[in-house]
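Structure, as structure tokens:
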Amino acid sequence: MTAFKKLFCLSVFLFSLASQALTVSYMPGSGGRGQKIPTHIFVIGYAGGLGDQLFKSAVSRARRYRELYPKHQIAFIGPDKLDESLSSYDSYAEYRSALSRFGLELEHMDDKWLLSNRLMPLLKSFKQIQSIDIFSHSAAHLGVGLEDIPSSSSYYKYKRFNYLTEGLSSLKSHFLSGAYIMLHGCNSGFTQAPKMAALLGIPVAGSLSSTNTQELFSDDSWYFNDSGRYPRGVSRSSYNSSSFASGRFSCSSGHCHRMRPEAYPYVGGWGRLTAGLTHYKFFCGTAEASSACKQTMALALLGHPGVNSRAAYDLSAFKENVKEFLCPDSNRASAKKECFEKMEASLTDPTVSYAGLLSGKPVRCDFAGCDVKISCGRKCSITHVGANPQPRTMQNEFRAYVEGFRLLQR
């Protein structure tokens, strides 16, 4: 009996899945299922306005994990929406059938909300956690949005998952060596990621800007998929043959989406910020990244659906994927080229500086936190940004990834 079967009994009933639901599914592997199998967990939270794009971004990353770790367990908690063209599912059987198109097997569904007080027991049911990836809307001060629950509801206080979530520290004993968490939503690196890293004693990555969805296009490049954000003459790909070493995978089955931070500070429902970073930032709990943290960062990068499928086996291919992961989006060819060159140069000259932002102030960060203060009420604003005349945060991140990969190869 698997972890979730010990917590729930499956039932078949009619309900509108688009309104509220908690679902649990698995990507099949050769190692079976169970509480004591090394496990990668994907949590798909509130995706209002984004349809199925967060889920598909998770599937792309999960497929990379499946290639790297064929015997590991890959579990999905959520989503409540699988396909932008379908608004609801009428039964367990219909949802299970839709899920199978993405290579997942449904184990549990009910008509309850995905709340933090339900998520924590699910996470703790796994005794060997290798990674947790959370795809959801988020707020700098409040954390991950799990559900869109009205403030009048008695469950409202459980709609968020953050470093203050009750019982979070008890997960420490469930993490394997090399474990990490990635928070893929907006502004998750200002407060949540560094606080979680310090609390849990594992590397945690987050963003210091808006995050958005990219898709793979016909020129084998990833572009933000908003209208006008990709070059003329290219179209969305039907297959992804560049990110996966085991072959090409269909875009219709969710293998051609990923999340990336934008190249400018956050602008959205929580206000207009004036500082940020263009890339996900890892935090290790200490100002200097240890060798163990660098190796974990490299492992996390190997799970990124990049442009070179040989990244796990070849330093040059790995560096290409790290540069493409850190540098601003591909639609600005000259900026991309400059960024790639700056990253490579930083390996031999640590004084190389580069910001990457299109606007706003680049934030200076080490591996414990960032020299920035953010204040939030109804809106958020930056109240302090430390002097940063020669930005090197991105270069330091790149160097840590490369050093981590080299350590893994020993």
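Starting from 1 in every chain, residues are counted up; chains themselves are A, B, ... following the order of the structure tokens, and ligands are numbered from 1 as listed.
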Handout entry: DSSP strand (DSSP E or B) residues within segment 91-272 of chain A, as a PyMOL selection string
Key = chain A and resi 105-110+129-135+138-139+143-145+160-161+175-183+204-206+211-217+222-224+236+239-240+249-250+257-261+267-268+271-272
May I have a table of the residues of segment 245-331 of chain A lying at most 9 Å from segment 344-365 of chain A, giving each one's closest pair of atoms and their distance in Å to one decimal, counting only C-alpha atoms, ordered by chain and ascending residue number, as a Markdown table?
| residue | atom | partner | partner_atom | distance |
| --- | --- | --- | --- | --- |
| A:Glu262 | CA | A:Leu357 | CA | 8.7 |
| A:Ala263 | CA | A:Leu357 | CA | 5.1 |
| A:Tyr264 | CA | A:Leu357 | CA | 5.4 |
| A:Pro265 | CA | A:Gly360 | CA | 6.3 |
| A:Leu273 | CA | A:Gly360 | CA | 8.2 |
| A:Thr274 | CA | A:Gly360 | CA | 5.0 |
| A:Ala275 | CA | A:Lys361 | CA | 4.4 |
| A:Gly276 | CA | A:Val363 | CA | 5.4 |
| A:Leu277 | CA | A:Pro362 | CA | 5.8 |
| A:Thr278 | CA | A:Leu357 | CA | 6.2 |
| A:Lys281 | CA | A:Cys365 | CA | 8.5 |
| A:Ala287 | CA | A:Cys365 | CA | 8.8 |
| A:Lys319 | CA | A:Glu344 | CA | 8.5 |
| A:Lys323 | CA | A:Glu344 | CA | 8.5 |
| A:Cys327 | CA | A:Gly356 | CA | 7.0 |
| A:Pro328 | CA | A:Gly356 | CA | 6.5 |
Exercise for the section: Would you list, as a list in words, the residues of segment 186-308 of chain A that end up in alpha helix (DSSP H) under DSSP run on this structure's backbone? Expected result: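 Assigned to alpha helix (DSSP H), within segment 186-308 of chain A: Gln192, Ala193, Pro194, Lys195, Met196, Ala197, Ala198, Leu199, Leu200, Ser291, Ala292, Cys293, Lys294, Gln295, Thr296, Met297, Ala298, Leu299, Ala300, Leu301 and Leu302 of chain A.
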Practice task
Write out as a PyMOL selection string each polymer residue whose atoms come within 12 Å of Ala205 of chain A, counting only C-alpha atoms; drop sequence neighbours fewer than 4 positions from it.
Solution key: chain A and resi 131-134+179-197+261+279-285+293+296-297+300-301+367-369+397
Handout entry: Neighbour list for Gln295 of chain A as a VMD selection string, cut-off 7 Å, only C-alpha atoms, skip fewer than 5 positions in-chain
Key = chain A and resid 404 to 405 407 to 408
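Distances here use only C-alpha atoms; by that measure, the residue among A:Val307, A:Ala298, A:Ala21, A:Leu200 closest to Ser241 of chain A is A:Val307.
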Exercise for the section: Give me, please, the distance in Å between atom CA of Phe102 of chain A and atom CA of Asp80 of chain A, quoted to one decimal. Expected result: 14.1 Å
Problem - Best match for closeness to Ser138 of chain A among A:Ser125, A:Thr383, A:Ser227, A:Ser210, counting only C-alpha atoms - result: A:Ser210
Problem - Who sits within 7 Å of segment 105-122 of chain A, only C-alpha atoms, same chain under 6 positions skipped, as number ranges by chain - result: A: 10, 20-27, 96, 99, 146-147, 158-161
Exercise for the section: Name the residues in contact with segment 312-315 of chain A at a cut-off of 10 Å, using only C-alpha atoms, excluding same-chain residues fewer than 3 positions from it; report them as a PyMOL selection string. Expected result: chain A and resi 68+245+298-299+301-303+308-309+318-321+402+405-406+408-409
Dump N, CA and C atoms for the selected residues as a tab-separated table (two decimals), in the first residue's frame?
chain	number	residue	atom	x	y	z
A	68	LEU	N	16.83	11.00	-15.28
A	68	LEU	CA	17.97	10.99	-14.39
A	68	LEU	C	17.86	9.93	-13.30
A	245	ALA	N	17.34	13.17	-23.19
A	245	ALA	CA	18.31	12.27	-23.81
A	245	ALA	C	17.68	10.99	-24.33
A	298	ALA	N	23.76	21.93	-8.69
A	298	ALA	CA	24.01	21.28	-9.98
A	298	ALA	C	22.99	20.19	-10.25
A	299	LEU	N	22.63	19.42	-9.23
A	299	LEU	CA	21.60	18.39	-9.40
A	299	LEU	C	20.27	19.01	-9.79
A	301	LEU	N	19.82	21.83	-11.37
A	301	LEU	CA	19.93	22.33	-12.74
A	301	LEU	C	19.77	21.21	-13.75
A	302	LEU	N	20.23	20.02	-13.42
A	302	LEU	CA	20.08	18.88	-14.34
A	302	LEU	C	18.61	18.55	-14.56
A	303	GLY	N	17.75	18.93	-13.64
A	303	GLY	CA	16.33	18.70	-13.82
A	303	GLY	C	15.64	19.75	-14.68
A	308	ASN	N	20.19	21.46	-24.15
A	308	ASN	CA	21.17	20.42	-24.46
A	308	ASN	C	20.91	19.20	-23.59
A	309	SER	N	20.49	18.12	-24.19
A	309	SER	CA	20.09	16.93	-23.46
A	309	SER	C	21.26	16.18	-22.84
A	318	PHE	N	26.54	21.07	-19.93
A	318	PHE	CA	25.99	21.55	-18.67
A	318	PHE	C	26.08	23.07	-18.60
A	319	LYS	N	27.25	23.62	-18.94
A	319	LYS	CA	27.41	25.07	-18.89
A	319	LYS	C	26.44	25.77	-19.85
A	320	GLU	N	26.22	25.18	-21.01
A	320	GLU	CA	25.27	25.77	-21.95
A	320	GLU	C	23.88	25.87	-21.32
A	321	ASN	N	23.47	24.81	-20.63
A	321	ASN	CA	22.15	24.84	-20.00
A	321	ASN	C	22.09	25.81	-18.82
A	402	VAL	N	28.71	25.48	-11.80
A	402	VAL	CA	29.79	24.79	-12.50
A	402	VAL	C	30.69	24.05	-11.52
A	405	PHE	N	28.93	20.92	-10.43
A	405	PHE	CA	28.97	19.86	-11.44
A	405	PHE	C	30.32	19.15	-11.43
A	406	ARG	N	31.37	19.92	-11.33
A	406	ARG	CA	32.71	19.34	-11.31
A	406	ARG	C	32.89	18.43	-10.09
A	408	LEU	N	30.49	16.79	-8.61
A	408	LEU	CA	29.69	15.59	-8.85
A	408	LEU	C	30.42	14.59	-9.75
A	409	GLN	N	31.27	15.10	-10.62
A	409	GLN	CA	31.97	14.23	-11.57
A	409	GLN	C	33.18	13.52	-10.97
Practice task
Would you mind reading off the distance between atom CA of Leu216 of chain A and atom CA of Ser237 of chain A, one decimal, in Å?
Solution key: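 So the answer is 5.9 Å.
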Practice task
Just give me the gap between atom CA of Gly51 of chain A and atom CA of Pro79 of chain A in Å, one decimal is fine.
Solution key: 10.2 Å
Please identify all polymer residues within 8 Å of Phe244 of chain A, counting only C-alpha atoms, omitting same-chain residues fewer than 6 positions from it, and present them as a PDB file with C-alpha atoms, in the first residue's frame.
ATOM      1  CA  ARG A  63      10.327  14.021 -17.350  1.00  0.00           C
ATOM      2  CA  ARG A  64      13.907  15.179 -16.804  1.00  0.00           C
ATOM      3  CA  GLU A  67      15.471  10.222 -17.120  1.00  0.00           C
ATOM      4  CA  PRO A 305      14.370  21.246 -19.362  1.00  0.00           C
ATOM      5  CA  SER A 309      20.087  16.925 -23.456  1.00  0.00           C
TER       6      SER A 309
END
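Each of A:Gly271, A:His257, A:Ala198, A:Glu403 was checked against Ser290 of chain A using only C-alpha atoms; the smallest atom-to-atom distance is that of A:Glu403.
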